[in-house]
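Here the structure comes first, spelled out in structure tokens, and everything after it is commentary.
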Amino acid sequence: MVTTTGVHHITLIVRDLKKSKEFYQNVCGMEVVHDEEDVCGLTDGMFSLWLAHSNEIIGKDDVFNPEHLGLNHWAFRVDNKEDLGEIEEALRKMEIEMEEGGITDDGYGGTAIFTKDPDGMKVEFHLQE
């Protein structure tokens, strides 16, 4: 059996690289580790996220749909309720909309905040209790 040790990175195709980079830096606390004109790599110290500008023409009506085949959402791990509360407060200060208005029960034994990045991709901050 093949054994892996975790997810190394995810790459997202984005409409506006600058806006997306700012979201993942300022909202999610990620650090830029690689930055070029059409690609940017970020990390939280354990996980890497790469953002790439599409080489295809993206129409103004092309939007992310979590119900289509592929990515539904992805989550950042949060260690405690205090950190989750700080994230909620930061999102409010940045006037970033949150599902359910903020911290909510995720329905699977955890507590979470659900929001969207600049391209409408669902991002979760998850505390497993």
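We label chains A, B, ... in the order they appear in the structure tokens, count residues from 1 in each chain, and number ligands from 1 in the order shown.
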**Prompt:** Quick one: residues within 10 Å of segment 65-74 of chain A, only C-alpha atoms counted, chain neighbours fewer than 5 positions away excluded, as a list in words?
**Reply:** Ile10, Leu12, Phe114, Thr115, Lys116, Gly120, Met121, Lys122, Val123, Glu124, Phe125 and His126 of chain A
Generate a file of the selected residues that holds N, CA, C and O atoms, formatted as a PDB file, in the first residue's frame.
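Dumped to out26.pdb:
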```pdb
ATOM      1  N   ILE A  10      -1.932  22.889  -2.439  1.00  0.00           N
ATOM      2  CA  ILE A  10      -3.080  23.005  -3.339  1.00  0.00           C
ATOM      3  C   ILE A  10      -2.796  24.227  -4.202  1.00  0.00           C
ATOM      4  O   ILE A  10      -2.261  25.232  -3.718  1.00  0.00           O
ATOM      5  N   LEU A  12      -4.699  27.002  -6.657  1.00  0.00           N
ATOM      6  CA  LEU A  12      -5.971  27.570  -7.078  1.00  0.00           C
ATOM      7  C   LEU A  12      -5.741  28.497  -8.261  1.00  0.00           C
ATOM      8  O   LEU A  12      -4.820  29.318  -8.245  1.00  0.00           O
ATOM      9  N   PHE A 114     -17.223  30.077   8.097  1.00  0.00           N
ATOM     10  CA  PHE A 114     -17.184  29.894   6.652  1.00  0.00           C
ATOM     11  C   PHE A 114     -17.261  31.263   5.995  1.00  0.00           C
ATOM     12  O   PHE A 114     -18.103  32.086   6.335  1.00  0.00           O
ATOM     13  N   THR A 115     -16.367  31.496   5.032  1.00  0.00           N
ATOM     14  CA  THR A 115     -16.370  32.739   4.278  1.00  0.00           C
ATOM     15  C   THR A 115     -15.972  32.413   2.844  1.00  0.00           C
ATOM     16  O   THR A 115     -15.888  31.248   2.469  1.00  0.00           O
ATOM     17  N   LYS A 116     -15.744  33.435   2.037  1.00  0.00           N
ATOM     18  CA  LYS A 116     -15.331  33.217   0.645  1.00  0.00           C
ATOM     19  C   LYS A 116     -14.123  34.077   0.333  1.00  0.00           C
ATOM     20  O   LYS A 116     -13.982  35.184   0.847  1.00  0.00           O
ATOM     21  N   GLY A 120     -14.801  33.843  -4.755  1.00  0.00           N
ATOM     22  CA  GLY A 120     -16.015  33.169  -4.302  1.00  0.00           C
ATOM     23  C   GLY A 120     -15.791  31.736  -3.846  1.00  0.00           C
ATOM     24  O   GLY A 120     -16.749  31.009  -3.594  1.00  0.00           O
ATOM     25  N   MET A 121     -14.518  31.302  -3.730  1.00  0.00           N
ATOM     26  CA  MET A 121     -14.240  29.950  -3.246  1.00  0.00           C
ATOM     27  C   MET A 121     -14.453  29.907  -1.737  1.00  0.00           C
ATOM     28  O   MET A 121     -13.968  30.782  -1.016  1.00  0.00           O
ATOM     29  N   LYS A 122     -15.185  28.904  -1.276  1.00  0.00           N
ATOM     30  CA  LYS A 122     -15.486  28.797   0.143  1.00  0.00           C
ATOM     31  C   LYS A 122     -14.235  28.407   0.922  1.00  0.00           C
ATOM     32  O   LYS A 122     -13.536  27.466   0.572  1.00  0.00           O
ATOM     33  N   VAL A 123     -13.964  29.164   1.997  1.00  0.00           N
ATOM     34  CA  VAL A 123     -12.845  28.929   2.887  1.00  0.00           C
ATOM     35  C   VAL A 123     -13.413  28.764   4.293  1.00  0.00           C
ATOM     36  O   VAL A 123     -14.274  29.530   4.717  1.00  0.00           O
ATOM     37  N   GLU A 124     -12.916  27.747   4.989  1.00  0.00           N
ATOM     38  CA  GLU A 124     -13.380  27.465   6.348  1.00  0.00           C
ATOM     39  C   GLU A 124     -12.216  27.609   7.324  1.00  0.00           C
ATOM     40  O   GLU A 124     -11.081  27.246   7.020  1.00  0.00           O
ATOM     41  N   PHE A 125     -12.528  28.132   8.515  1.00  0.00           N
ATOM     42  CA  PHE A 125     -11.607  28.121   9.649  1.00  0.00           C
ATOM     43  C   PHE A 125     -12.226  27.145  10.627  1.00  0.00           C
ATOM     44  O   PHE A 125     -13.325  27.376  11.128  1.00  0.00           O
ATOM     45  N   HIS A 126     -11.557  26.007  10.896  1.00  0.00           N
ATOM     46  CA  HIS A 126     -12.172  24.883  11.585  1.00  0.00           C
ATOM     47  C   HIS A 126     -11.502  24.553  12.913  1.00  0.00           C
ATOM     48  O   HIS A 126     -10.291  24.390  12.973  1.00  0.00           O
TER      49      HIS A 126
END
```
Determine, using only C-alpha atoms, which residues of segment 45-82 of chain A have any atom at most 9 Å from an atom of segment 17-31 of chain A, and tabulate each with its shortest atom pair and distance in Å to one decimal place, rows ordered by chain and then rising number, as JSON lines.
```
{"residue": "A:Gly45", "atom": "CA", "partner": "A:Met30", "partner_atom": "CA", "distance": 8.1}
{"residue": "A:Ser48", "atom": "CA", "partner": "A:Met30", "partner_atom": "CA", "distance": 8.9}
{"residue": "A:Leu49", "atom": "CA", "partner": "A:Met30", "partner_atom": "CA", "distance": 8.7}
{"residue": "A:Leu51", "atom": "CA", "partner": "A:Leu17", "partner_atom": "CA", "distance": 6.8}
{"residue": "A:Ala52", "atom": "CA", "partner": "A:Leu17", "partner_atom": "CA", "distance": 6.8}
{"residue": "A:His53", "atom": "CA", "partner": "A:Leu17", "partner_atom": "CA", "distance": 6.0}
{"residue": "A:Phe76", "atom": "CA", "partner": "A:Cys28", "partner_atom": "CA", "distance": 7.9}
```
Selected residues written out, all heavy atoms, as a PDB file, in the first residue's frame:
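Result file out_18.pdb:
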```
ATOM      1  N   GLY A  45       3.206  27.612   7.403  1.00  0.00           N
ATOM      2  CA  GLY A  45       4.237  26.910   8.134  1.00  0.00           C
ATOM      3  C   GLY A  45       4.126  25.398   8.040  1.00  0.00           C
ATOM      4  O   GLY A  45       5.093  24.683   8.253  1.00  0.00           O
ATOM      5  N   SER A  48       1.137  24.481   2.099  1.00  0.00           N
ATOM      6  CA  SER A  48       1.406  25.463   1.048  1.00  0.00           C
ATOM      7  C   SER A  48       0.195  25.625   0.142  1.00  0.00           C
ATOM      8  O   SER A  48      -0.446  24.646  -0.242  1.00  0.00           O
ATOM      9  CB  SER A  48       2.590  25.021   0.190  1.00  0.00           C
ATOM     10  OG  SER A  48       3.773  25.043   0.943  1.00  0.00           O
ATOM     11  N   LEU A  49      -0.076  26.860  -0.195  1.00  0.00           N
ATOM     12  CA  LEU A  49      -1.133  27.218  -1.134  1.00  0.00           C
ATOM     13  C   LEU A  49      -0.486  28.001  -2.257  1.00  0.00           C
ATOM     14  O   LEU A  49       0.254  28.956  -2.013  1.00  0.00           O
ATOM     15  CB  LEU A  49      -2.196  28.083  -0.450  1.00  0.00           C
ATOM     16  CG  LEU A  49      -3.258  28.674  -1.366  1.00  0.00           C
ATOM     17  CD1 LEU A  49      -4.148  27.563  -1.934  1.00  0.00           C
ATOM     18  CD2 LEU A  49      -4.103  29.693  -0.617  1.00  0.00           C
ATOM     19  N   LEU A  51      -1.225  30.144  -5.781  1.00  0.00           N
ATOM     20  CA  LEU A  51      -2.219  30.875  -6.557  1.00  0.00           C
ATOM     21  C   LEU A  51      -1.623  31.127  -7.927  1.00  0.00           C
ATOM     22  O   LEU A  51      -0.475  31.552  -8.039  1.00  0.00           O
ATOM     23  CB  LEU A  51      -2.545  32.212  -5.884  1.00  0.00           C
ATOM     24  CG  LEU A  51      -2.955  32.152  -4.413  1.00  0.00           C
ATOM     25  CD1 LEU A  51      -3.065  33.558  -3.844  1.00  0.00           C
ATOM     26  CD2 LEU A  51      -4.270  31.407  -4.266  1.00  0.00           C
ATOM     27  N   ALA A  52      -2.408  30.860  -8.950  1.00  0.00           N
ATOM     28  CA  ALA A  52      -1.927  31.060 -10.311  1.00  0.00           C
ATOM     29  C   ALA A  52      -2.979  31.796 -11.116  1.00  0.00           C
ATOM     30  O   ALA A  52      -4.170  31.500 -11.012  1.00  0.00           O
ATOM     31  CB  ALA A  52      -1.604  29.717 -10.962  1.00  0.00           C
ATOM     32  N   HIS A  53      -2.522  32.732 -11.903  1.00  0.00           N
ATOM     33  CA  HIS A  53      -3.425  33.427 -12.823  1.00  0.00           C
ATOM     34  C   HIS A  53      -3.678  32.501 -13.997  1.00  0.00           C
ATOM     35  O   HIS A  53      -2.770  31.859 -14.508  1.00  0.00           O
ATOM     36  CB  HIS A  53      -2.796  34.739 -13.297  1.00  0.00           C
ATOM     37  CG  HIS A  53      -3.739  35.558 -14.094  1.00  0.00           C
ATOM     38  ND1 HIS A  53      -3.782  35.512 -15.456  1.00  0.00           N
ATOM     39  CD2 HIS A  53      -4.688  36.437 -13.695  1.00  0.00           C
ATOM     40  CE1 HIS A  53      -4.722  36.337 -15.880  1.00  0.00           C
ATOM     41  NE2 HIS A  53      -5.281  36.907 -14.844  1.00  0.00           N
ATOM     42  N   PHE A  76      -8.784  25.832   7.035  1.00  0.00           N
ATOM     43  CA  PHE A  76      -7.612  26.062   7.873  1.00  0.00           C
ATOM     44  C   PHE A  76      -7.924  25.489   9.250  1.00  0.00           C
ATOM     45  O   PHE A  76      -9.011  25.686   9.776  1.00  0.00           O
ATOM     46  CB  PHE A  76      -7.339  27.570   8.033  1.00  0.00           C
ATOM     47  CG  PHE A  76      -6.751  28.208   6.818  1.00  0.00           C
ATOM     48  CD1 PHE A  76      -7.558  28.810   5.874  1.00  0.00           C
ATOM     49  CD2 PHE A  76      -5.376  28.225   6.636  1.00  0.00           C
ATOM     50  CE1 PHE A  76      -7.008  29.416   4.759  1.00  0.00           C
ATOM     51  CE2 PHE A  76      -4.818  28.824   5.523  1.00  0.00           C
ATOM     52  CZ  PHE A  76      -5.640  29.416   4.581  1.00  0.00           C
TER      53      PHE A  76
END
```
**Request:** Go through A:Met98, A:Met46, A:Ala112, A:Ala75 and flag the residue nearest His9 of chain A, using only C-alpha atoms for the distances.
**Result:** A:Met46
**Asked** Which one of A:Met1, A:Ile13, A:Leu127, A:Val63 sits closest to Asn80 of chain A if you count only C-alpha atoms?
**Response**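 For Asn80 of chain A, the nearest of the candidates is A:Leu127.
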